[in-house]
Each structure stands twice: as structure tokens, then as C-alpha cells.
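One file, upload-v7.cif, carrying mmCIF, C-alpha atoms and all ligand atoms:
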data_model
loop_
_atom_site.label_atom_id
_atom_site.label_comp_id
_atom_site.auth_asym_id
_atom_site.auth_seq_id
_atom_site.Cartn_x
_atom_site.Cartn_y
_atom_site.Cartn_z
CA MET N 1 0.00 0.00 0.00
CA ILE N 2 1.32 3.46 -0.90
CA LEU N 3 1.19 5.86 2.04
CA ASP N 4 1.40 9.64 2.10
CA LYS N 5 2.79 10.84 5.42
CA THR N 6 4.13 14.00 6.97
CA VAL N 7 7.31 13.29 8.92
CA ASN N 8 9.99 15.29 10.71
CA VAL N 9 13.67 15.33 9.98
CA VAL N 10 15.58 13.39 12.64
CA ALA N 11 19.02 14.18 11.18
CA ASN N 12 20.43 15.65 7.97
CA GLU N 13 24.12 14.90 8.10
CA ALA N 14 26.53 16.57 5.68
CA LEU N 15 28.98 13.99 4.29
CA GLY N 16 31.02 16.43 2.20
CA ASN N 17 30.91 17.70 -1.39
CA GLY N 18 27.12 18.18 -1.35
CA ASN N 19 26.34 14.63 -0.18
CA PHE N 20 23.91 14.24 2.75
CA LEU N 21 22.38 11.42 4.79
CA LEU N 22 18.81 12.34 5.76
CA THR N 23 17.03 10.41 8.53
CA PHE N 24 13.31 10.46 9.35
CA ALA N 25 11.03 8.00 11.11
CA GLU N 26 7.76 6.52 9.84
CA GLU N 27 6.78 3.17 11.31
CA THR N 28 4.27 1.93 8.68
CA ILE N 29 6.36 2.87 5.64
CA ALA N 30 9.45 1.45 7.36
CA GLY N 31 7.64 -1.86 7.87
CA GLU N 32 6.65 -2.19 4.20
CA MET N 33 9.57 -0.73 2.25
CA LEU N 34 12.01 -2.98 0.33
CA PRO N 35 15.55 -2.22 -0.84
CA GLY N 36 15.49 -0.54 -4.26
CA GLN N 37 12.09 1.04 -3.72
CA PHE N 38 11.85 4.82 -3.48
CA PHE N 39 9.94 7.75 -1.96
CA MET N 40 8.66 10.98 -3.46
CA VAL N 41 9.76 13.61 -0.92
CA GLY N 42 8.11 17.01 -0.64
CA MET N 43 9.25 20.06 1.27
CA PRO N 44 6.13 21.88 2.52
CA GLY N 45 6.36 25.66 2.58
CA SER N 46 9.48 25.74 0.39
CA GLY N 47 7.69 26.88 -2.78
CA ILE N 48 8.88 23.69 -4.55
CA LEU N 49 5.74 22.13 -5.97
CA LEU N 50 6.87 18.76 -7.30
CA ARG N 51 8.16 16.13 -4.92
CA ARG N 52 11.53 14.59 -5.76
CA PRO N 53 12.27 10.82 -6.00
CA PHE N 54 14.88 9.28 -3.65
CA SER N 55 15.79 5.63 -3.06
CA VAL N 56 15.61 4.16 0.40
CA CYS N 57 19.20 3.90 1.63
CA GLY N 58 18.57 2.71 5.17
CA LEU N 59 15.75 0.63 6.64
CA PRO N 60 15.40 -0.04 10.37
CA GLY N 61 18.59 -1.83 11.43
CA THR N 62 20.64 -0.91 8.33
CA PHE N 63 22.78 1.62 10.19
CA ASP N 64 23.74 0.37 13.65
CA ASP N 65 23.27 3.67 15.45
CA SER N 66 19.89 4.64 13.94
CA PRO N 67 16.76 4.57 16.10
CA GLY N 68 13.91 2.00 15.67
CA ASP N 69 11.61 3.13 12.85
CA SER N 70 14.11 5.26 11.05
CA LEU N 71 14.61 5.43 7.32
CA GLN N 72 17.54 7.04 5.51
CA VAL N 73 17.95 8.77 2.19
CA LEU N 74 21.43 9.43 0.78
CA TYR N 75 21.30 12.39 -1.58
CA LYS N 76 23.49 14.80 -3.48
CA VAL N 77 22.67 18.45 -4.07
CA MET N 78 21.86 18.79 -7.79
CA GLY N 79 19.44 21.72 -8.11
CA GLN N 80 16.78 23.71 -6.30
CA GLY N 81 14.97 20.82 -4.57
CA THR N 82 18.03 19.12 -3.12
CA GLN N 83 19.46 22.54 -2.18
CA VAL N 84 16.37 23.23 -0.07
CA LEU N 85 16.51 19.72 1.39
CA SER N 86 20.14 20.20 2.42
CA GLY N 87 19.17 23.28 4.47
CA LEU N 88 16.55 21.47 6.61
CA GLY N 89 17.40 20.93 10.25
CA THR N 90 16.15 18.50 12.88
CA GLY N 91 12.37 18.76 13.30
CA ALA N 92 11.65 20.26 9.84
CA ALA N 93 8.57 18.79 8.12
CA LEU N 94 8.72 16.62 4.99
CA THR N 95 5.96 14.87 3.06
CA VAL N 96 6.84 11.33 2.08
CA LEU N 97 4.96 9.19 -0.44
CA GLY N 98 5.97 5.53 -0.47
CA PRO N 99 6.91 2.77 -0.79
CA LEU N 100 7.07 3.28 -4.60
CA GLY N 101 8.40 1.05 -7.37
CA ASN N 102 9.38 -2.60 -7.38
CA GLY N 103 12.74 -2.87 -5.59
CA PHE N 104 15.57 -5.35 -6.17
CA THR N 105 15.22 -9.12 -6.37
CA VAL N 106 17.55 -10.48 -3.69
CA PRO N 107 19.79 -13.18 -5.22
CA GLY N 108 19.60 -16.75 -3.93
CA PRO N 109 21.84 -18.09 -1.14
CA GLU N 110 24.42 -19.55 -3.56
CA VAL N 111 24.74 -16.36 -5.60
CA THR N 112 27.22 -13.56 -4.85
CA PRO N 113 25.64 -10.12 -5.32
CA VAL N 114 27.99 -7.90 -7.34
CA PHE N 115 27.07 -4.26 -6.75
CA VAL N 116 28.15 -1.58 -9.22
CA ALA N 117 27.59 1.97 -7.98
CA GLY N 118 28.30 5.31 -9.63
CA GLY N 119 28.54 8.14 -7.07
CA ILE N 120 25.16 8.79 -5.46
CA GLY N 121 24.01 5.56 -7.17
CA SER N 122 25.40 3.89 -4.04
CA ALA N 123 22.27 5.07 -2.18
CA PRO N 124 20.19 1.84 -2.32
CA TYR N 125 23.03 -0.55 -1.41
CA PRO N 126 23.17 -0.33 2.39
CA ALA N 127 19.57 -1.60 2.72
CA LEU N 128 20.21 -4.20 0.00
CA THR N 129 23.43 -5.37 1.71
CA ARG N 130 21.40 -6.14 4.85
CA ALA N 131 18.68 -7.94 2.84
CA CYS N 132 21.29 -10.08 1.06
CA ALA N 133 22.83 -11.04 4.42
CA ALA N 134 19.37 -11.94 5.79
CA ALA N 135 18.76 -14.14 2.71
CA GLY N 136 22.03 -16.00 3.32
CA CYS N 137 23.84 -14.69 0.20
CA PRO N 138 27.63 -14.66 0.20
CA ASP N 139 29.04 -11.21 1.16
CA PRO N 140 28.56 -8.73 -1.69
CA VAL N 141 31.38 -7.66 -3.94
CA MET N 142 31.17 -3.91 -4.52
CA PHE N 143 32.52 -1.78 -7.36
CA TYR N 144 32.22 1.86 -6.27
CA GLY N 145 33.10 4.57 -8.77
CA ALA N 146 32.81 8.36 -8.85
CA ARG N 147 34.42 11.48 -10.27
CA SER N 148 36.58 11.88 -7.14
CA ALA N 149 37.07 10.53 -3.59
CA ALA N 150 34.68 13.18 -2.22
CA ASP N 151 31.82 11.47 -4.07
CA LEU N 152 32.26 8.10 -2.35
CA PRO N 153 30.30 9.14 0.77
CA LEU N 154 29.66 5.66 2.20
CA LEU N 155 33.07 4.17 1.45
CA ASP N 156 33.81 3.22 5.08
CA TRP N 157 30.37 1.60 5.53
CA PHE N 158 30.84 -0.55 2.42
CA ASP N 159 34.39 -1.40 3.49
CA ASP N 160 32.97 -2.78 6.74
CA HIS N 161 29.99 -4.62 5.21
CA CYS N 162 31.06 -5.98 1.80
CA GLY N 163 33.25 -9.00 1.12
CA GLU N 164 35.34 -7.07 -1.42
CA LEU N 165 35.39 -3.36 -2.23
CA HIS N 166 36.91 -2.07 -5.48
CA THR N 167 37.02 1.69 -6.02
CA ALA N 168 37.69 3.76 -9.10
CA THR N 169 37.70 7.53 -9.50
CA GLU N 170 38.03 9.54 -12.69
CA ASP N 171 40.64 11.86 -11.14
CA GLY N 172 42.54 9.06 -9.39
CA SER N 173 41.96 10.53 -5.89
CA ALA N 174 40.76 7.14 -4.56
CA GLY N 175 41.32 3.61 -5.86
CA GLU N 176 42.14 3.01 -9.47
CA GLN N 177 42.07 5.96 -11.90
CA GLY N 178 39.32 5.59 -14.51
CA LEU N 179 35.83 4.20 -14.81
CA VAL N 180 34.39 1.57 -12.48
CA THR N 181 33.92 -0.80 -15.43
CA GLY N 182 37.74 -1.28 -15.56
CA PRO N 183 38.10 -3.28 -12.31
CA LEU N 184 34.69 -4.90 -12.90
CA LEU N 185 35.75 -6.34 -16.27
CA ARG N 186 38.94 -7.76 -14.76
CA TRP N 187 36.98 -9.35 -11.88
CA LEU N 188 34.49 -10.96 -14.28
CA GLU N 189 37.21 -12.52 -16.46
CA GLY N 190 37.08 -16.31 -16.33
CA ARG N 191 34.44 -16.49 -13.58
CA ASP N 192 31.47 -18.88 -13.69
CA PRO N 193 28.44 -16.61 -14.36
CA THR N 194 26.10 -18.93 -12.45
CA THR N 195 27.86 -17.95 -9.20
CA TYR N 196 27.11 -14.19 -9.20
CA GLU N 197 24.54 -11.57 -10.23
CA LEU N 198 25.28 -7.99 -11.28
CA ILE N 199 23.23 -5.19 -9.71
CA ALA N 200 23.93 -1.65 -10.92
CA CYS N 201 22.75 1.83 -9.98
CA GLY N 202 24.27 5.09 -11.21
CA PRO N 203 24.33 7.55 -14.08
CA ASP N 204 22.83 6.54 -17.43
CA PRO N 205 26.15 6.12 -19.30
CA MET N 206 27.34 3.72 -16.58
CA LEU N 207 24.12 1.70 -16.80
CA HIS N 208 24.45 1.50 -20.60
CA ALA N 209 28.03 0.25 -20.20
CA ILE N 210 26.97 -2.40 -17.67
CA ARG N 211 24.12 -3.50 -19.91
CA ASN N 212 26.56 -3.79 -22.82
CA ILE N 213 28.80 -6.00 -20.70
CA ALA N 214 26.01 -8.16 -19.28
CA VAL N 215 23.56 -8.79 -22.10
CA PRO N 216 25.92 -10.10 -24.84
CA ALA N 217 27.58 -12.36 -22.25
CA GLY N 218 24.23 -13.63 -20.90
CA LEU N 219 25.00 -12.45 -17.35
CA ARG N 220 22.21 -12.00 -14.82
CA CYS N 221 21.92 -8.28 -14.26
CA GLN N 222 19.47 -5.91 -12.56
CA LEU N 223 19.67 -2.17 -13.35
CA SER N 224 18.13 0.53 -11.16
CA LEU N 225 17.11 3.34 -13.50
CA GLU N 226 16.42 7.04 -13.07
CA ALA N 227 14.11 9.41 -14.93
CA HIS N 228 12.48 12.74 -14.25
CA MET N 229 9.38 11.92 -12.25
CA ALA N 230 6.42 14.21 -11.75
CA CYS N 231 4.06 11.81 -9.96
CA GLY N 232 5.97 8.64 -8.98
CA PHE N 233 2.90 6.38 -9.17
CA GLY N 234 2.09 5.82 -12.83
CA VAL N 235 -0.21 8.61 -14.02
CA CYS N 236 1.91 11.32 -15.69
CA ILE N 237 3.75 8.95 -18.15
CA GLY N 238 6.80 11.16 -17.71
CA CYS N 239 9.25 8.41 -16.78
CA VAL N 240 9.03 5.88 -19.63
CA VAL N 241 11.97 3.94 -21.10
CA PRO N 242 11.94 1.79 -24.27
CA THR N 243 11.83 -1.91 -23.44
CA HIS N 244 11.41 -5.23 -25.26
CA GLY N 245 7.80 -6.47 -24.99
CA GLU N 246 6.71 -10.12 -24.81
CA ASP N 247 6.76 -10.48 -28.62
CA GLY N 248 10.16 -8.77 -28.92
CA ALA N 249 8.66 -5.52 -30.28
CA VAL N 250 9.72 -2.27 -28.61
CA ASP N 251 7.36 -1.16 -25.90
CA TYR N 252 7.49 1.55 -23.22
CA THR N 253 7.73 0.91 -19.48
CA ARG N 254 7.03 3.35 -16.66
CA ILE N 255 10.04 3.29 -14.39
CA CYS N 256 8.06 4.48 -11.37
CA VAL N 257 5.70 1.48 -11.27
CA ASP N 258 7.38 -1.34 -13.25
CA GLY N 259 10.86 -0.19 -12.14
CA PRO N 260 13.05 1.44 -11.10
CA VAL N 261 14.75 -1.97 -11.19
CA LEU N 262 14.61 -3.78 -14.55
CA PRO N 263 16.50 -6.79 -15.91
CA ALA N 264 19.23 -5.51 -18.26
CA GLU N 265 17.98 -7.62 -21.18
CA LYS N 266 14.55 -5.94 -21.05
CA LEU N 267 15.92 -2.53 -22.03
CA ALA N 268 15.74 -1.55 -25.70
CA TRP N 269 18.56 1.04 -25.42
C1 LIG H 301 13.77 6.25 -8.65
C2 LIG H 301 14.77 7.35 -8.37
C3 LIG H 301 15.56 7.26 -7.25
C4 LIG H 301 16.49 8.28 -6.98
N1 LIG H 301 17.25 8.15 -5.86
C5 LIG H 301 18.12 9.13 -5.54
C6 LIG H 301 18.88 9.04 -4.35
O1 LIG H 301 18.77 8.08 -3.59
N2 LIG H 301 19.74 10.06 -4.09
C7 LIG H 301 19.86 11.15 -4.92
O2 LIG H 301 20.66 12.05 -4.62
N3 LIG H 301 19.16 11.24 -6.04
C8 LIG H 301 18.27 10.28 -6.36
N4 LIG H 301 17.53 10.41 -7.50
C9 LIG H 301 17.70 11.61 -8.34
C10 LIG H 301 16.99 12.78 -7.67
O3 LIG H 301 15.60 12.55 -7.73
C11 LIG H 301 17.34 14.10 -8.37
O4 LIG H 301 18.71 14.37 -8.19
C12 LIG H 301 16.56 15.22 -7.76
O5 LIG H 301 15.21 15.07 -8.12
C13 LIG H 301 17.05 16.53 -8.27
O6 LIG H 301 16.16 17.53 -7.79
P1 LIG H 301 16.61 19.05 -7.74
O7 LIG H 301 15.40 19.88 -7.58
O8 LIG H 301 17.70 19.24 -6.75
O9 LIG H 301 17.29 19.28 -9.14
P2 LIG H 301 16.62 19.79 -10.48
O10 LIG H 301 16.70 21.27 -10.48
O11 LIG H 301 15.31 19.14 -10.70
O12 LIG H 301 17.68 19.19 -11.47
C14 LIG H 301 19.09 19.45 -11.32
C15 LIG H 301 19.85 18.62 -12.31
O13 LIG H 301 19.65 17.23 -12.06
C16 LIG H 301 19.07 16.58 -13.19
N5 LIG H 301 18.06 15.62 -12.67
C17 LIG H 301 16.96 15.91 -11.97
N6 LIG H 301 16.26 14.80 -11.69
C18 LIG H 301 16.94 13.77 -12.25
C19 LIG H 301 16.74 12.38 -12.35
N7 LIG H 301 15.68 11.78 -11.80
N8 LIG H 301 17.64 11.66 -13.02
C20 LIG H 301 18.69 12.23 -13.58
N9 LIG H 301 18.96 13.55 -13.54
C21 LIG H 301 18.09 14.31 -12.89
C22 LIG H 301 18.43 17.70 -13.99
O14 LIG H 301 18.38 17.38 -15.38
C23 LIG H 301 19.38 18.85 -13.75
O15 LIG H 301 20.53 18.77 -14.57
C24 LIG H 301 16.61 9.41 -7.83
C25 LIG H 301 15.80 9.50 -8.96
C26 LIG H 301 14.90 8.48 -9.23
C27 LIG H 301 14.05 8.58 -10.44
S1 LIG H 302 6.55 9.45 -12.75
FE1 LIG H 302 4.52 9.73 -13.40
S2 LIG H 302 4.15 7.92 -14.57
FE2 LIG H 302 6.12 7.59 -13.73
#
Kindly transcribe the structure held in the file into C-alpha cells.
Ligand SMILES: Cc1cc2nc3c(=O)[nH]c(=O)nc-3n(C[C@H](O)[C@H](O)[C@H](O)COP(=O)(O)OP(=O)(O)OC[C@H]3O[C@@H](n4cnc5c(N)ncnc54)[C@H](O)[C@@H]3O)c2cc1C
Ligand code: FES
Amino acid sequence: MILDKTVNVVANEALGNGNFLLTFAEETIAGEMLPGQFFMVGMPGSGILLRRPFSVCGLPGTFDDSPGDSLQVLYKVMGQGTQVLSGLGTGAALTVLGPLGNGFTVPGPEVTPVFVAGGIGSAPYPALTRACAAAGCPDPVMFYGARSAADLPLLDWFDDHCGELHTATEDGSAGEQGLVTGPLLRWLEGRDPTTYELIACGPDPMLHAIRNIAVPAGLRCQLSLEAHMACGFGVCIGCVVPTHGEDGAVDYTRICVDGPVLPAEKLAW
């Protein structure tokens, strides 16, 4: 069930370079939300009319020090909406519509989850890491890329909670210099594809690159997509992507209801 609630900011922690971890508490949404699903977040009284979509980063228990019903959103300041959000202090009101979208499929207990994150695309992985552990999956292998070290805001958390962490930055300020697909391709070389599943979230060019690695090789791969979203629940048709229909013909899929997570082979990019 989709709920529309008014909540108060519990914390809005600056993590550097415009990255923030926002915490609020909402018991019913917290009890129903799955990793990979998202909220539409509104800022009442700010003059910003449209709510903005954000993935759930933390569910109750994801971050050790977070109180009972708390939910977290990891966000980066991009424009007016996120600028306003970044200025909100403890107690400020937010409207939250959720849970929205489908969320990730947690791999089976024999399958290693291989996370690929581009910058703020790391947002859904803390909650997913916990769900994979609860399902008995092997520890995730994470490939975390960004423009620079300042855009790897949860690096220490992933270092503590993933089996392997590979980093790449375009300016070489952390990990290997270059794109995250470099270390990923080396890791994939010669491995049995039945033992792992790729899960990727990040900017569009990164998702295209991952799709182009996964689909020709027949690798299992889930992609978490982004689009401009006016409603978040299927009515404005503003978030469609071209996909392969049942008969192979190109169709259109609303990311907000049938995504944001889609199998890579479904995309007609
Ligand atoms: C399902 C989903 C989950 C998301 N999860 C997160 C998250 O966890 N953390 C996070 O920081 N961001 C997330 N985003 C992106 C986030 O919604 C946008 O960054 C935010 O709406 C920008 O709002 P703004 O008013 O600050 O910027 P705007 O002024 O609206 O835009 C600023 C710039 O960002 C671009 N932009 C805006 N929205 C998007 C979008 N949806 N996709 C790509 N580019 C966009 C604009 O083209 C413009 O260049 C998610 C988006 C979707 C669709
Ligand atoms: S955002 Fe309105 S239909 Fe998807």
C-alpha cells in the first residue's frame, strides 16, 4: 500500500561535497519498504511544488546507530529541490509518499551479489546489503566509482559490510584511476556466471556500459534506473523507457511502477 505521510527530519548529516544522509522516522512505511524502492519527498512551505524521488538507503537496522523506525535517504545536491533539502534541520517537516516502485530481487543463497555503484548511485546498497545477508547470500562484492574521492560518501560503511570493495575515480583521488567498469571487467574474467549476479545503480552512461557487458555475455543483471518523475505512481507517463515487450517488439515501461529496477535484457537502449 502506498502511504502519504508527513514526517519530521531526525538528522540531515553533511557527508562532504554536497552529499547528505537524511534520517526520518515513519513506522508503517518502514515496515513495508524494500531495498530498491523509493519515496517521493516534498518540502512543505518551500515553494517547490513537485516532490523529488529518492531511493531508500537505510531501513530499520541498516545503520547500527539509527533509532527503531528510522529510514535514511542518501542524496546529493543537484538543483533547487536538493538545495532546499540540504538546508533542513532537525524537526523540519517533509511529506513522504511511499513505498514506490518494485525494488531489487535479492539473489539466492548460492549467488554472490555484485554491486556496481556510480557516485550517489550507491544510495540503495546499504539496505540491499542487509537484505542479502538476511537471505544468506555470500558477502557482496562492490565496485564503487565516482568522479573523485569526495563522491564516495559511504566508502567506510561498504568497506565494513562488503566482502570485497573495489574503487575507481576519474581523477585518481581514490582507488584506481578511470571508470568503475575497468576493475569490474577484470573481476568478471574467467568467472562462472552462475555464481554471481550484477546489480547496478548510477548515471545513465554507466548503466548503458553495464548493460553492454552483461547482455551479450548472458549475465544475470538488474539495473536501477532514473528518470524525471512528476508523480511517482504511474499517471503522468513522464518516466518511460523503451523496453522489449513479450513479442520482442519495442514497448514503453514506466520506471516508477514497473521499475526502477529492470533486468538488463529488457531494455531496448
Ligand atoms: C527512482 C529514483 C531514485 C532516486 N534516488 C536518488 C537518491 O537516492 N539520491 C539522490 O541524490 N538522487 C536520487 N535520484 C535523483 C533525484 O531525484 C534528483 O537528483 C533530484 O530530483 C534533483 O532535484 P533538484 O530539484 O535538486 O534538481 P533539479 O533542479 O530538478 O535538477 C538538477 C539537475 O539534475 C538533473 N536531474 C533531476 N532529476 C533527475 C533524475 N531523476 N535523473 C537524472 N537527472 C536528474 C536535472 O536534469 C538537472 O541537470 C533518484 C531519482 C529516481 C528517479
Ligand atoms: S513518474 Fe509519473 S508515470 Fe512515472
request  = Report as a list in words which protein, DNA and RNA residues come within 6 Å of ligand LIG 301 (chain H), using all atoms listed in the file.
outcome  = Phe38, Arg52, Pro53, Phe54, Ser55, Val73, Leu74, Tyr75, Lys76, Val77, Met78, Gly79, Gln80, Gly81, Thr82, Gln83, Ile120, Ala123, Glu226, Ala227, His228 and Pro260 of chain N
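Restricting the atom set to only C-alpha atoms and all ligand atoms, one finds that the residues within 7 Å of ligand LIG 302 (chain H) amount to His228, Met229, Ala230, Cys231, Gly232, Phe233, Gly234, Val235, Cys236, Ile237, Gly238, Cys239, Val240, Arg254, Ile255, Cys256 and Val257 of chain N.
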request  = For each of N:Thr28, N:Leu128, N:Thr62, N:Ala117, take the minimum atom-to-atom distance to N:Gly202, counting only C-alpha atoms, then give the residue where this is smallest.
outcome  = N:Ala117
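Minimum atom-to-atom distance to N:Gly178, evaluated using only C-alpha atoms, belongs to N:Ser148 out of N:Gly91, N:Ser148, N:Val141, N:Val116.
Our summary of the geometry notes that atom CA of N:Gly101 is positioned 13.3 Å from atom CA of N:Ile29.
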